[in-house]
Amino acid sequence: METTIAVPKKIMDWMIHIRRHLHQWPELAYQEEKTASFIEDKLKELGLKHRRIAGTGIITEMGAKGPIVALRADMDALPLHEATGLSFSSRVPGVMHACGHDGHVAMLLGAAALLQPKQKQLPGRVRLLFQPAEEKGAGAKAMIQEGALQGVGAIFGGHIDRHFKVGEIAVNEGLICAFTDRFDLHVRGKGGHAAWPHEAIDAVVVGSLLVMSLQTIVSREVNPAYPCVVTVGRFQGGVAHNVIAETAHLEGTIRSTHPEIRQRIISGIKRMAHGVAELHRAHIETKISQGYPPVINTSREAQWAREAAERVVGQKGVVKQQHPSLGGEDFAFYLKHVPGCFVRFGAAKKGLEGIPAHSPRFDFDEGVLPVGAAFLATIASLALKKIKDGDY
Ligand code: NI
């Protein structure tokens, strides 16, 4: 689909080059050294001064005196071995941009290129945040601690999303991404000989029962009107076929969209661990670690984002997420400090509709790059104008 705001071919080609270069050289959270110097080179090409922040993060500003609006892109890749067969596949074994963050960086640089010629006319300053460690390590938090949001009136960002077509931008107000919490359950039984179960307490059997019990928290204990998930992602126990396991370790994730439901799930897990341990004479230690908070878009900024999206993709292109995503997103940390809106850029690639993000075969339609760049440039100038005019 054509964007109503035309992105010059030169910028389009530049973004594709950036995206493909980053795709070939992916780096994990807080190791984005090459990525950061590549971004710095591109900012120099645009004549923009910048500084490093939060290790491998970069911050730069453009525009004139006035209010400040921030735009954010994340930079990190995932520990996956790429299997797309693309000509510009990852050259780093075991590391891959499988979430589209290579595209996010290209789009934010594209937005900078679009804004650059009209910097002087901007009703304020646009601060670009290139953030490390979104996938793990809460890079957003580190950026904020080092002052990334100082003076910022509103923040915007987005994520490439294969659930929507190129030329669609999904804008929602309120909660769009879940609470993410992690749990670790350490089962301690009593090891022994496989042939003398009566002398042992089998941690694998206890752990298995626990896995099955946990399935009933979502299905039987919480209000089905609220989306939530409990997934045991890892189960380790035992050392040999003829040895009864002394210990087992389960780890998993809790995704929820309401603070009360979140508490219910956490207390359900603790209660079940305790109960299963009691039932089988074992001991289970439960550890819950808080992950990313939910992304909650503020309504005024979501309205501005809708206006900006309309200017870019027309009324028809502006869509909504039908329900919150149970994925986590550390943009949430910014929204705890300043108002803002996180959108989804449609990027479904033909033939890859069934391949989710975080898959070794993930790819997206590069037609999303001009849409994202135009949206980011548009929302920045629109929000600056609204804030300056006090128009809200
Ligand atoms: Ni992502």
# chains A, B, ... in the order shown; residues from 1 in each chain; ligands from 1

$ residues_around --residues "Glu329 in chain A" --least-positions-apart "5" --cutoff "10 Å" --atoms "only C-alpha atoms" --output "PDB file with N, CA and C atoms, in the first residue's frame"
ATOM      1  N   GLU A 134      16.496  -4.767  24.768  1.00  0.00           N
ATOM      2  CA  GLU A 134      15.047  -4.851  25.005  1.00  0.00           C
ATOM      3  C   GLU A 134      14.646  -6.277  25.336  1.00  0.00           C
ATOM      4  N   GLU A 135      15.286  -7.238  24.652  1.00  0.00           N
ATOM      5  CA  GLU A 135      14.888  -8.642  24.815  1.00  0.00           C
ATOM      6  C   GLU A 135      15.143  -9.143  26.229  1.00  0.00           C
ATOM      7  N   LYS A 136      16.239  -8.693  26.804  1.00  0.00           N
ATOM      8  CA  LYS A 136      16.485  -9.003  28.209  1.00  0.00           C
ATOM      9  C   LYS A 136      17.392  -7.921  28.782  1.00  0.00           C
ATOM     10  N   ALA A 138      16.343  -5.131  30.387  1.00  0.00           N
ATOM     11  CA  ALA A 138      15.655  -3.860  30.612  1.00  0.00           C
ATOM     12  C   ALA A 138      16.494  -2.632  30.235  1.00  0.00           C
ATOM     13  N   ALA A 140      15.691  -0.132  28.602  1.00  0.00           N
ATOM     14  CA  ALA A 140      14.926   1.115  28.767  1.00  0.00           C
ATOM     15  C   ALA A 140      15.179   1.701  30.152  1.00  0.00           C
ATOM     16  N   HIS A 159       6.448  -1.309  17.083  1.00  0.00           N
ATOM     17  CA  HIS A 159       7.040  -2.616  16.813  1.00  0.00           C
ATOM     18  C   HIS A 159       6.501  -3.161  15.503  1.00  0.00           C
ATOM     19  N   ILE A 176      -1.616  -2.557  26.281  1.00  0.00           N
ATOM     20  CA  ILE A 176      -1.444  -3.316  25.029  1.00  0.00           C
ATOM     21  C   ILE A 176      -0.455  -4.466  25.162  1.00  0.00           C
ATOM     22  N   CYS A 177       0.385  -4.449  26.197  1.00  0.00           N
ATOM     23  CA  CYS A 177       1.322  -5.549  26.433  1.00  0.00           C
ATOM     24  C   CYS A 177       1.235  -5.965  27.891  1.00  0.00           C
ATOM     25  N   ALA A 178       1.518  -7.225  28.140  1.00  0.00           N
ATOM     26  CA  ALA A 178       1.243  -7.812  29.450  1.00  0.00           C
ATOM     27  C   ALA A 178       2.306  -7.546  30.516  1.00  0.00           C
ATOM     28  N   PHE A 179       1.925  -7.803  31.772  1.00  0.00           N
ATOM     29  CA  PHE A 179       2.893  -7.972  32.863  1.00  0.00           C
ATOM     30  C   PHE A 179       3.640  -9.259  32.537  1.00  0.00           C
ATOM     31  N   THR A 180       4.944  -9.263  32.708  1.00  0.00           N
ATOM     32  CA  THR A 180       5.685 -10.510  32.501  1.00  0.00           C
ATOM     33  C   THR A 180       6.440 -10.831  33.788  1.00  0.00           C
ATOM     34  N   GLY A 291       9.175  -9.196  36.058  1.00  0.00           N
ATOM     35  CA  GLY A 291       9.741  -8.881  34.743  1.00  0.00           C
ATOM     36  C   GLY A 291       9.366  -7.475  34.321  1.00  0.00           C
ATOM     37  N   TYR A 292       9.004  -7.309  33.057  1.00  0.00           N
ATOM     38  CA  TYR A 292       8.623  -5.989  32.561  1.00  0.00           C
ATOM     39  C   TYR A 292       7.199  -5.648  32.990  1.00  0.00           C
ATOM     40  N   PRO A 293       6.975  -4.375  33.316  1.00  0.00           N
ATOM     41  CA  PRO A 293       5.590  -3.966  33.593  1.00  0.00           C
ATOM     42  C   PRO A 293       4.788  -3.904  32.281  1.00  0.00           C
ATOM     43  N   PRO A 294       3.483  -3.738  32.353  1.00  0.00           N
ATOM     44  CA  PRO A 294       2.704  -3.687  31.108  1.00  0.00           C
ATOM     45  C   PRO A 294       2.876  -2.348  30.384  1.00  0.00           C
ATOM     46  N   VAL A 295       2.713  -2.362  29.078  1.00  0.00           N
ATOM     47  CA  VAL A 295       2.728  -1.116  28.302  1.00  0.00           C
ATOM     48  C   VAL A 295       1.323  -0.528  28.347  1.00  0.00           C
ATOM     49  N   PHE A 342       2.742   3.468  22.124  1.00  0.00           N
ATOM     50  CA  PHE A 342       3.504   2.441  21.405  1.00  0.00           C
ATOM     51  C   PHE A 342       2.560   1.813  20.388  1.00  0.00           C
TER      52      PHE A 342
END

$ residues_near_ligand --ligand "ligand 1" --cutoff "10 Å" --atoms "only C-alpha atoms and all ligand atoms" --output "ChimeraX atom specification"
/A:73-78,97-102,104,134-135,158-161,327-330,357-358

$ write_last_selection --atoms "N, CA and C atoms" --output "PDB file, in the first residue's frame"
ATOM      1  N   ALA A  73      13.943   3.409  19.394  1.00  0.00           N
ATOM      2  CA  ALA A  73      14.129   2.144  18.668  1.00  0.00           C
ATOM      3  C   ALA A  73      14.990   1.237  19.527  1.00  0.00           C
ATOM      4  N   ASP A  74      14.709  -0.059  19.498  1.00  0.00           N
ATOM      5  CA  ASP A  74      15.559  -1.009  20.226  1.00  0.00           C
ATOM      6  C   ASP A  74      16.536  -1.653  19.254  1.00  0.00           C
ATOM      7  N   MET A  75      17.673  -2.141  19.770  1.00  0.00           N
ATOM      8  CA  MET A  75      18.796  -2.520  18.902  1.00  0.00           C
ATOM      9  C   MET A  75      19.216  -3.976  18.979  1.00  0.00           C
ATOM     10  N   ASP A  76      18.761  -4.715  19.980  1.00  0.00           N
ATOM     11  CA  ASP A  76      19.366  -6.036  20.232  1.00  0.00           C
ATOM     12  C   ASP A  76      18.718  -7.177  19.460  1.00  0.00           C
ATOM     13  N   ALA A  77      19.499  -8.256  19.320  1.00  0.00           N
ATOM     14  CA  ALA A  77      19.048  -9.454  18.613  1.00  0.00           C
ATOM     15  C   ALA A  77      18.837 -10.593  19.608  1.00  0.00           C
ATOM     16  N   LEU A  78      18.601 -11.791  19.088  1.00  0.00           N
ATOM     17  CA  LEU A  78      18.253 -12.940  19.937  1.00  0.00           C
ATOM     18  C   LEU A  78      19.246 -14.093  19.766  1.00  0.00           C
ATOM     19  N   HIS A  97      18.631 -11.371  14.317  1.00  0.00           N
ATOM     20  CA  HIS A  97      17.564 -10.382  14.480  1.00  0.00           C
ATOM     21  C   HIS A  97      16.251 -11.077  14.104  1.00  0.00           C
ATOM     22  N   ALA A  98      15.578 -11.643  15.091  1.00  0.00           N
ATOM     23  CA  ALA A  98      14.357 -12.402  14.811  1.00  0.00           C
ATOM     24  C   ALA A  98      13.140 -11.697  15.380  1.00  0.00           C
ATOM     25  N   CYS A  99      13.291 -10.417  15.699  1.00  0.00           N
ATOM     26  CA  CYS A  99      12.156  -9.704  16.274  1.00  0.00           C
ATOM     27  C   CYS A  99      11.901  -8.410  15.520  1.00  0.00           C
ATOM     28  N   GLY A 100      12.782  -8.090  14.555  1.00  0.00           N
ATOM     29  CA  GLY A 100      12.572  -6.884  13.756  1.00  0.00           C
ATOM     30  C   GLY A 100      13.248  -5.644  14.300  1.00  0.00           C
ATOM     31  N   HIS A 101      14.107  -5.793  15.306  1.00  0.00           N
ATOM     32  CA  HIS A 101      14.769  -4.614  15.863  1.00  0.00           C
ATOM     33  C   HIS A 101      15.724  -3.981  14.848  1.00  0.00           C
ATOM     34  N   ASP A 102      16.240  -4.795  13.897  1.00  0.00           N
ATOM     35  CA  ASP A 102      17.047  -4.227  12.804  1.00  0.00           C
ATOM     36  C   ASP A 102      16.193  -3.231  12.008  1.00  0.00           C
ATOM     37  N   HIS A 104      13.577  -1.632  13.247  1.00  0.00           N
ATOM     38  CA  HIS A 104      13.253  -0.483  14.104  1.00  0.00           C
ATOM     39  C   HIS A 104      14.349   0.582  14.032  1.00  0.00           C
ATOM     40  N   GLU A 134      16.496  -4.767  24.768  1.00  0.00           N
ATOM     41  CA  GLU A 134      15.047  -4.851  25.005  1.00  0.00           C
ATOM     42  C   GLU A 134      14.646  -6.277  25.336  1.00  0.00           C
ATOM     43  N   GLU A 135      15.286  -7.238  24.652  1.00  0.00           N
ATOM     44  CA  GLU A 135      14.888  -8.642  24.815  1.00  0.00           C
ATOM     45  C   GLU A 135      15.143  -9.143  26.229  1.00  0.00           C
ATOM     46  N   GLY A 158       7.359   2.031  18.226  1.00  0.00           N
ATOM     47  CA  GLY A 158       6.480   1.023  17.639  1.00  0.00           C
ATOM     48  C   GLY A 158       7.227  -0.274  17.417  1.00  0.00           C
ATOM     49  N   HIS A 159       6.448  -1.309  17.083  1.00  0.00           N
ATOM     50  CA  HIS A 159       7.040  -2.616  16.813  1.00  0.00           C
ATOM     51  C   HIS A 159       6.501  -3.161  15.503  1.00  0.00           C
ATOM     52  N   ILE A 160       7.400  -3.725  14.735  1.00  0.00           N
ATOM     53  CA  ILE A 160       7.018  -4.442  13.517  1.00  0.00           C
ATOM     54  C   ILE A 160       6.120  -5.615  13.917  1.00  0.00           C
ATOM     55  N   ASP A 161       5.043  -5.841  13.161  1.00  0.00           N
ATOM     56  CA  ASP A 161       4.089  -6.873  13.574  1.00  0.00           C
ATOM     57  C   ASP A 161       3.501  -7.598  12.366  1.00  0.00           C
ATOM     58  N   GLY A 327       2.847 -10.602  25.007  1.00  0.00           N
ATOM     59  CA  GLY A 327       4.290 -10.410  24.934  1.00  0.00           C
ATOM     60  C   GLY A 327       4.695  -9.323  25.914  1.00  0.00           C
ATOM     61  N   GLY A 328       5.969  -9.303  26.266  1.00  0.00           N
ATOM     62  CA  GLY A 328       6.469  -8.227  27.118  1.00  0.00           C
ATOM     63  C   GLY A 328       7.161  -7.204  26.235  1.00  0.00           C
ATOM     64  N   GLU A 329       7.312  -5.986  26.725  1.00  0.00           N
ATOM     65  CA  GLU A 329       7.955  -4.927  25.942  1.00  0.00           C
ATOM     66  C   GLU A 329       8.446  -3.886  26.931  1.00  0.00           C
ATOM     67  N   ASP A 330       9.755  -3.607  26.904  1.00  0.00           N
ATOM     68  CA  ASP A 330      10.274  -2.734  27.956  1.00  0.00           C
ATOM     69  C   ASP A 330      10.032  -1.250  27.701  1.00  0.00           C
ATOM     70  N   ALA A 357       7.489 -13.950  15.342  1.00  0.00           N
ATOM     71  CA  ALA A 357       8.735 -13.345  15.812  1.00  0.00           C
ATOM     72  C   ALA A 357       9.391 -14.327  16.779  1.00  0.00           C
ATOM     73  N   HIS A 358      10.688 -14.233  16.918  1.00  0.00           N
ATOM     74  CA  HIS A 358      11.496 -15.128  17.764  1.00  0.00           C
ATOM     75  C   HIS A 358      11.602 -16.535  17.164  1.00  0.00           C
TER      76      HIS A 358
END

$ atom_distance --atom1 "CA of Thr253 in chain A" --atom2 "CA of Thr231 in chain A"
5.4 Å

$ closest_atom_pairs --of "range 9-121 of chain A" --to "range 368-380 of chain A" --cutoff "8 Å" --atoms "only C-alpha atoms" --output "tab-separated table"
residue	atom	partner	partner_atom	distance
A:Met12	CA	A:Pro370	CA	6.3
A:Met15	CA	A:Leu369	CA	7.0
A:Ile16	CA	A:Leu369	CA	7.8
A:Val69	CA	A:Ala380	CA	6.2
A:Ala70	CA	A:Ala380	CA	7.5
A:Leu71	CA	A:Leu376	CA	7.0
A:Gly103	CA	A:Leu369	CA	6.7
A:Ala106	CA	A:Leu369	CA	7.1
A:Met107	CA	A:Ala373	CA	4.5
A:Leu108	CA	A:Ala373	CA	6.0
A:Leu109	CA	A:Ala373	CA	7.6
A:Gly110	CA	A:Ala373	CA	5.1
A:Ala111	CA	A:Ala373	CA	4.4
A:Ala112	CA	A:Ala377	CA	7.1
A:Leu114	CA	A:Ala377	CA	6.7
A:Leu115	CA	A:Ala377	CA	6.2

$ write_last_selection --atoms "all heavy atoms" --output "compact mmCIF listing (two decimals), in the first residue's frame"
# COMPACT_ATOMS: atom_id res chain seq x y z
N MET A 12 14.56 5.53 1.28
CA MET A 12 14.09 4.14 1.30
C MET A 12 15.28 3.18 1.11
O MET A 12 15.47 2.23 1.88
CB MET A 12 13.05 3.95 0.18
CG MET A 12 12.55 2.53 0.05
SD MET A 12 11.56 2.01 1.47
CE MET A 12 11.48 0.24 1.20
N MET A 15 17.52 3.08 4.13
CA MET A 15 16.96 2.27 5.23
C MET A 15 17.13 0.78 4.97
O MET A 15 17.44 0.01 5.88
CB MET A 15 15.47 2.59 5.43
CG MET A 15 15.22 3.89 6.16
SD MET A 15 13.49 4.05 6.66
CE MET A 15 12.69 4.34 5.10
N ILE A 16 16.91 0.37 3.72
CA ILE A 16 17.06 -1.06 3.40
C ILE A 16 18.51 -1.48 3.62
O ILE A 16 18.79 -2.54 4.20
CB ILE A 16 16.61 -1.37 1.95
CG1 ILE A 16 15.09 -1.22 1.88
CG2 ILE A 16 17.04 -2.76 1.49
CD1 ILE A 16 14.47 -1.51 0.54
N VAL A 69 10.14 15.90 22.41
CA VAL A 69 9.42 14.64 22.20
C VAL A 69 10.45 13.57 21.87
O VAL A 69 11.37 13.81 21.08
CB VAL A 69 8.38 14.78 21.06
CG1 VAL A 69 7.93 13.42 20.55
CG2 VAL A 69 7.16 15.57 21.55
N ALA A 70 10.34 12.40 22.52
CA ALA A 70 11.31 11.33 22.28
C ALA A 70 10.73 10.24 21.37
O ALA A 70 9.54 9.95 21.41
CB ALA A 70 11.74 10.72 23.61
N LEU A 71 11.61 9.67 20.54
CA LEU A 71 11.27 8.52 19.70
C LEU A 71 12.26 7.42 20.04
O LEU A 71 13.45 7.69 20.19
CB LEU A 71 11.42 8.87 18.21
CG LEU A 71 10.57 10.02 17.67
CD1 LEU A 71 10.97 10.29 16.21
CD2 LEU A 71 9.08 9.70 17.75
N GLY A 103 14.93 -3.59 11.80
CA GLY A 103 14.00 -2.69 11.11
C GLY A 103 13.68 -1.46 11.93
O GLY A 103 13.56 -0.35 11.39
N ALA A 106 16.45 1.01 11.52
CA ALA A 106 16.40 1.60 10.17
C ALA A 106 15.28 2.65 10.09
O ALA A 106 15.46 3.73 9.51
CB ALA A 106 16.19 0.50 9.14
N MET A 107 14.13 2.35 10.69
CA MET A 107 13.00 3.28 10.64
C MET A 107 13.29 4.56 11.40
O MET A 107 12.93 5.64 10.97
CB MET A 107 11.74 2.61 11.21
CG MET A 107 11.19 1.54 10.30
SD MET A 107 9.56 0.93 10.76
CE MET A 107 9.87 0.15 12.26
N LEU A 108 13.94 4.43 12.56
CA LEU A 108 14.21 5.63 13.36
C LEU A 108 15.24 6.50 12.65
O LEU A 108 15.11 7.74 12.62
CB LEU A 108 14.68 5.26 14.77
CG LEU A 108 14.82 6.43 15.74
CD1 LEU A 108 13.55 7.28 15.82
CD2 LEU A 108 15.20 5.96 17.14
N LEU A 109 16.24 5.88 12.03
CA LEU A 109 17.21 6.66 11.24
C LEU A 109 16.49 7.29 10.04
O LEU A 109 16.76 8.44 9.67
CB LEU A 109 18.37 5.78 10.79
CG LEU A 109 19.38 5.44 11.90
CD1 LEU A 109 20.31 4.31 11.46
CD2 LEU A 109 20.21 6.68 12.29
N GLY A 110 15.57 6.54 9.44
CA GLY A 110 14.78 7.07 8.32
C GLY A 110 13.98 8.29 8.76
O GLY A 110 13.90 9.29 8.04
N ALA A 111 13.40 8.22 9.96
CA ALA A 111 12.63 9.36 10.48
C ALA A 111 13.55 10.56 10.65
O ALA A 111 13.19 11.71 10.32
CB ALA A 111 11.99 8.99 11.81
N ALA A 112 14.77 10.30 11.15
CA ALA A 112 15.73 11.40 11.33
C ALA A 112 16.07 12.03 9.98
O ALA A 112 16.14 13.26 9.85
CB ALA A 112 17.00 10.87 11.99
N LEU A 114 14.16 12.13 7.38
CA LEU A 114 12.99 12.88 6.90
C LEU A 114 12.89 14.23 7.62
O LEU A 114 12.48 15.23 7.03
CB LEU A 114 11.70 12.08 7.15
CG LEU A 114 11.47 10.85 6.27
CD1 LEU A 114 10.27 10.05 6.78
CD2 LEU A 114 11.24 11.25 4.82
N LEU A 115 13.22 14.25 8.91
CA LEU A 115 13.08 15.47 9.70
C LEU A 115 14.24 16.44 9.49
O LEU A 115 14.09 17.65 9.64
CB LEU A 115 12.99 15.13 11.20
CG LEU A 115 11.72 14.43 11.68
CD1 LEU A 115 11.91 13.91 13.10
CD2 LEU A 115 10.51 15.38 11.63

$ select_by_dssp --residues "range 197-385 of chain A" --states "strand (DSSP E or B)" --output "PyMOL selection string"
chain A and resi 201+228-237+243-244+247-256+283-290+295-297+318-319+325+340-346

$ closest_residue --among "A:Leu185, A:Ala305, A:Leu326, A:Met212" --to "Ile254 in chain A" --atoms "only C-alpha atoms"
A:Leu326

$ atom_distance --atom1 "CA of Lys385 in chain A" --atom2 "CA of Arg127 in chain A"
14.8 Å

$ closest_residue --among "A:Ile169, A:Val95, A:Ile261, A:Ile144" --to "Ile59 in chain A" --atoms "only C-alpha atoms"
A:Ile144

$ closest_atom_pairs --of "range 63-109 of chain A" --to "range 116-126 of chain A" --cutoff "7 Å" --atoms "only C-alpha atoms" --output "tab-separated table"
residue	atom	partner	partner_atom	distance
A:Gly63	CA	A:Gln119	CA	4.3
A:Ala64	CA	A:Gly124	CA	5.0
A:Lys65	CA	A:Gly124	CA	5.1
A:Gly66	CA	A:Gly124	CA	3.9
A:Pro67	CA	A:Gly124	CA	4.9
A:Ile68	CA	A:Arg125	CA	4.7
A:Val69	CA	A:Val126	CA	5.1
A:Ala70	CA	A:Val126	CA	5.8

$ write_last_selection --atoms "N, CA and C atoms" --output "mmCIF file, in the first residue's frame"
data_model
loop_
_atom_site.group_PDB
_atom_site.id
_atom_site.type_symbol
_atom_site.label_atom_id
_atom_site.label_comp_id
_atom_site.auth_asym_id
_atom_site.auth_seq_id
_atom_site.Cartn_x
_atom_site.Cartn_y
_atom_site.Cartn_z
ATOM 1 N N GLY A 63 16.257 19.612 15.821
ATOM 2 C CA GLY A 63 15.144 20.548 15.901
ATOM 3 C C GLY A 63 15.552 21.862 16.510
ATOM 4 N N ALA A 64 14.542 22.623 16.944
ATOM 5 C CA ALA A 64 14.772 23.965 17.470
ATOM 6 C C ALA A 64 14.392 24.000 18.939
ATOM 7 N N LYS A 65 14.567 25.161 19.557
ATOM 8 C CA LYS A 65 14.254 25.317 20.974
ATOM 9 C C LYS A 65 12.757 25.077 21.225
ATOM 10 N N GLY A 66 12.425 24.478 22.342
ATOM 11 C CA GLY A 66 11.010 24.241 22.646
ATOM 12 C C GLY A 66 10.835 22.955 23.405
ATOM 13 N N PRO A 67 9.616 22.429 23.431
ATOM 14 C CA PRO A 67 9.378 21.159 24.135
ATOM 15 C C PRO A 67 10.166 20.010 23.495
ATOM 16 N N ILE A 68 10.268 18.905 24.216
ATOM 17 C CA ILE A 68 11.010 17.740 23.694
ATOM 18 C C ILE A 68 10.080 16.532 23.568
ATOM 19 N N VAL A 69 10.141 15.897 22.409
ATOM 20 C CA VAL A 69 9.416 14.639 22.199
ATOM 21 C C VAL A 69 10.453 13.566 21.873
ATOM 22 N N ALA A 70 10.339 12.401 22.515
ATOM 23 C CA ALA A 70 11.312 11.329 22.276
ATOM 24 C C ALA A 70 10.731 10.245 21.374
#

$ select_by_dssp --residues "range 26-248 of chain A" --states "helix (DSSP H, G or I)" --output "PyMOL selection string"
chain A and resi 33-45+101-121+139-145+197-199+203-221

$ decode --residues "range 183-191 of chain A" --atoms "all heavy atoms" --output "PDB file, in the first residue's frame"
ATOM      1  N   PHE A 183       8.904 -17.471  36.982  1.00  0.00           N
ATOM      2  CA  PHE A 183       8.943 -18.280  38.197  1.00  0.00           C
ATOM      3  C   PHE A 183       9.975 -19.390  38.069  1.00  0.00           C
ATOM      4  O   PHE A 183      10.243 -19.894  36.980  1.00  0.00           O
ATOM      5  CB  PHE A 183       7.567 -18.855  38.562  1.00  0.00           C
ATOM      6  CG  PHE A 183       6.942 -19.738  37.511  1.00  0.00           C
ATOM      7  CD1 PHE A 183       7.208 -21.100  37.468  1.00  0.00           C
ATOM      8  CD2 PHE A 183       6.058 -19.209  36.583  1.00  0.00           C
ATOM      9  CE1 PHE A 183       6.624 -21.919  36.508  1.00  0.00           C
ATOM     10  CE2 PHE A 183       5.472 -20.022  35.611  1.00  0.00           C
ATOM     11  CZ  PHE A 183       5.753 -21.373  35.574  1.00  0.00           C
ATOM     12  N   ASP A 184      10.574 -19.723  39.189  1.00  0.00           N
ATOM     13  CA  ASP A 184      11.538 -20.818  39.288  1.00  0.00           C
ATOM     14  C   ASP A 184      11.088 -21.712  40.425  1.00  0.00           C
ATOM     15  O   ASP A 184      10.867 -21.232  41.533  1.00  0.00           O
ATOM     16  CB  ASP A 184      12.934 -20.278  39.618  1.00  0.00           C
ATOM     17  CG  ASP A 184      13.602 -19.705  38.391  1.00  0.00           C
ATOM     18  OD1 ASP A 184      13.299 -18.539  38.063  1.00  0.00           O
ATOM     19  OD2 ASP A 184      14.390 -20.434  37.751  1.00  0.00           O
ATOM     20  N   LEU A 185      10.949 -22.995  40.152  1.00  0.00           N
ATOM     21  CA  LEU A 185      10.512 -23.927  41.178  1.00  0.00           C
ATOM     22  C   LEU A 185      11.572 -25.011  41.333  1.00  0.00           C
ATOM     23  O   LEU A 185      11.866 -25.741  40.379  1.00  0.00           O
ATOM     24  CB  LEU A 185       9.173 -24.560  40.774  1.00  0.00           C
ATOM     25  CG  LEU A 185       8.030 -23.554  40.509  1.00  0.00           C
ATOM     26  CD1 LEU A 185       6.839 -24.240  39.855  1.00  0.00           C
ATOM     27  CD2 LEU A 185       7.593 -22.895  41.803  1.00  0.00           C
ATOM     28  N   HIS A 186      12.167 -25.048  42.502  1.00  0.00           N
ATOM     29  CA  HIS A 186      13.205 -26.057  42.769  1.00  0.00           C
ATOM     30  C   HIS A 186      12.602 -27.177  43.609  1.00  0.00           C
ATOM     31  O   HIS A 186      12.222 -26.956  44.754  1.00  0.00           O
ATOM     32  CB  HIS A 186      14.388 -25.428  43.501  1.00  0.00           C
ATOM     33  CG  HIS A 186      15.131 -24.452  42.642  1.00  0.00           C
ATOM     34  ND1 HIS A 186      16.117 -24.831  41.772  1.00  0.00           N
ATOM     35  CD2 HIS A 186      14.992 -23.112  42.491  1.00  0.00           C
ATOM     36  CE1 HIS A 186      16.576 -23.780  41.132  1.00  0.00           C
ATOM     37  NE2 HIS A 186      15.909 -22.711  41.552  1.00  0.00           N
ATOM     38  N   VAL A 187      12.513 -28.357  43.002  1.00  0.00           N
ATOM     39  CA  VAL A 187      11.939 -29.509  43.701  1.00  0.00           C
ATOM     40  C   VAL A 187      13.080 -30.323  44.319  1.00  0.00           C
ATOM     41  O   VAL A 187      14.045 -30.657  43.626  1.00  0.00           O
ATOM     42  CB  VAL A 187      11.171 -30.423  42.712  1.00  0.00           C
ATOM     43  CG1 VAL A 187      10.548 -31.610  43.448  1.00  0.00           C
ATOM     44  CG2 VAL A 187      10.116 -29.627  41.950  1.00  0.00           C
ATOM     45  N   ARG A 188      12.950 -30.594  45.610  1.00  0.00           N
ATOM     46  CA  ARG A 188      13.947 -31.458  46.246  1.00  0.00           C
ATOM     47  C   ARG A 188      13.247 -32.704  46.790  1.00  0.00           C
ATOM     48  O   ARG A 188      12.333 -32.600  47.605  1.00  0.00           O
ATOM     49  CB  ARG A 188      14.670 -30.714  47.373  1.00  0.00           C
ATOM     50  CG  ARG A 188      15.657 -31.591  48.152  1.00  0.00           C
ATOM     51  CD  ARG A 188      16.602 -30.752  48.991  1.00  0.00           C
ATOM     52  NE  ARG A 188      17.497 -29.956  48.145  1.00  0.00           N
ATOM     53  CZ  ARG A 188      18.616 -30.427  47.555  1.00  0.00           C
ATOM     54  NH1 ARG A 188      18.955 -31.679  47.714  1.00  0.00           N
ATOM     55  NH2 ARG A 188      19.362 -29.639  46.838  1.00  0.00           N
ATOM     56  N   GLY A 189      13.654 -33.866  46.276  1.00  0.00           N
ATOM     57  CA  GLY A 189      13.104 -35.128  46.783  1.00  0.00           C
ATOM     58  C   GLY A 189      14.201 -35.878  47.507  1.00  0.00           C
ATOM     59  O   GLY A 189      14.945 -35.297  48.294  1.00  0.00           O
ATOM     60  N   LYS A 190      14.313 -37.160  47.190  1.00  0.00           N
ATOM     61  CA  LYS A 190      15.388 -37.958  47.794  1.00  0.00           C
ATOM     62  C   LYS A 190      15.845 -38.935  46.721  1.00  0.00           C
ATOM     63  O   LYS A 190      15.043 -39.747  46.234  1.00  0.00           O
ATOM     64  CB  LYS A 190      14.825 -38.702  49.009  1.00  0.00           C
ATOM     65  CG  LYS A 190      15.855 -39.412  49.845  1.00  0.00           C
ATOM     66  CD  LYS A 190      15.148 -40.034  51.062  1.00  0.00           C
ATOM     67  CE  LYS A 190      16.030 -41.095  51.685  1.00  0.00           C
ATOM     68  NZ  LYS A 190      15.261 -42.070  52.439  1.00  0.00           N
ATOM     69  N   GLY A 191      17.102 -38.786  46.303  1.00  0.00           N
ATOM     70  CA  GLY A 191      17.624 -39.628  45.230  1.00  0.00           C
ATOM     71  C   GLY A 191      17.753 -41.075  45.657  1.00  0.00           C
ATOM     72  O   GLY A 191      17.804 -41.374  46.852  1.00  0.00           O
TER      73      GLY A 191
END
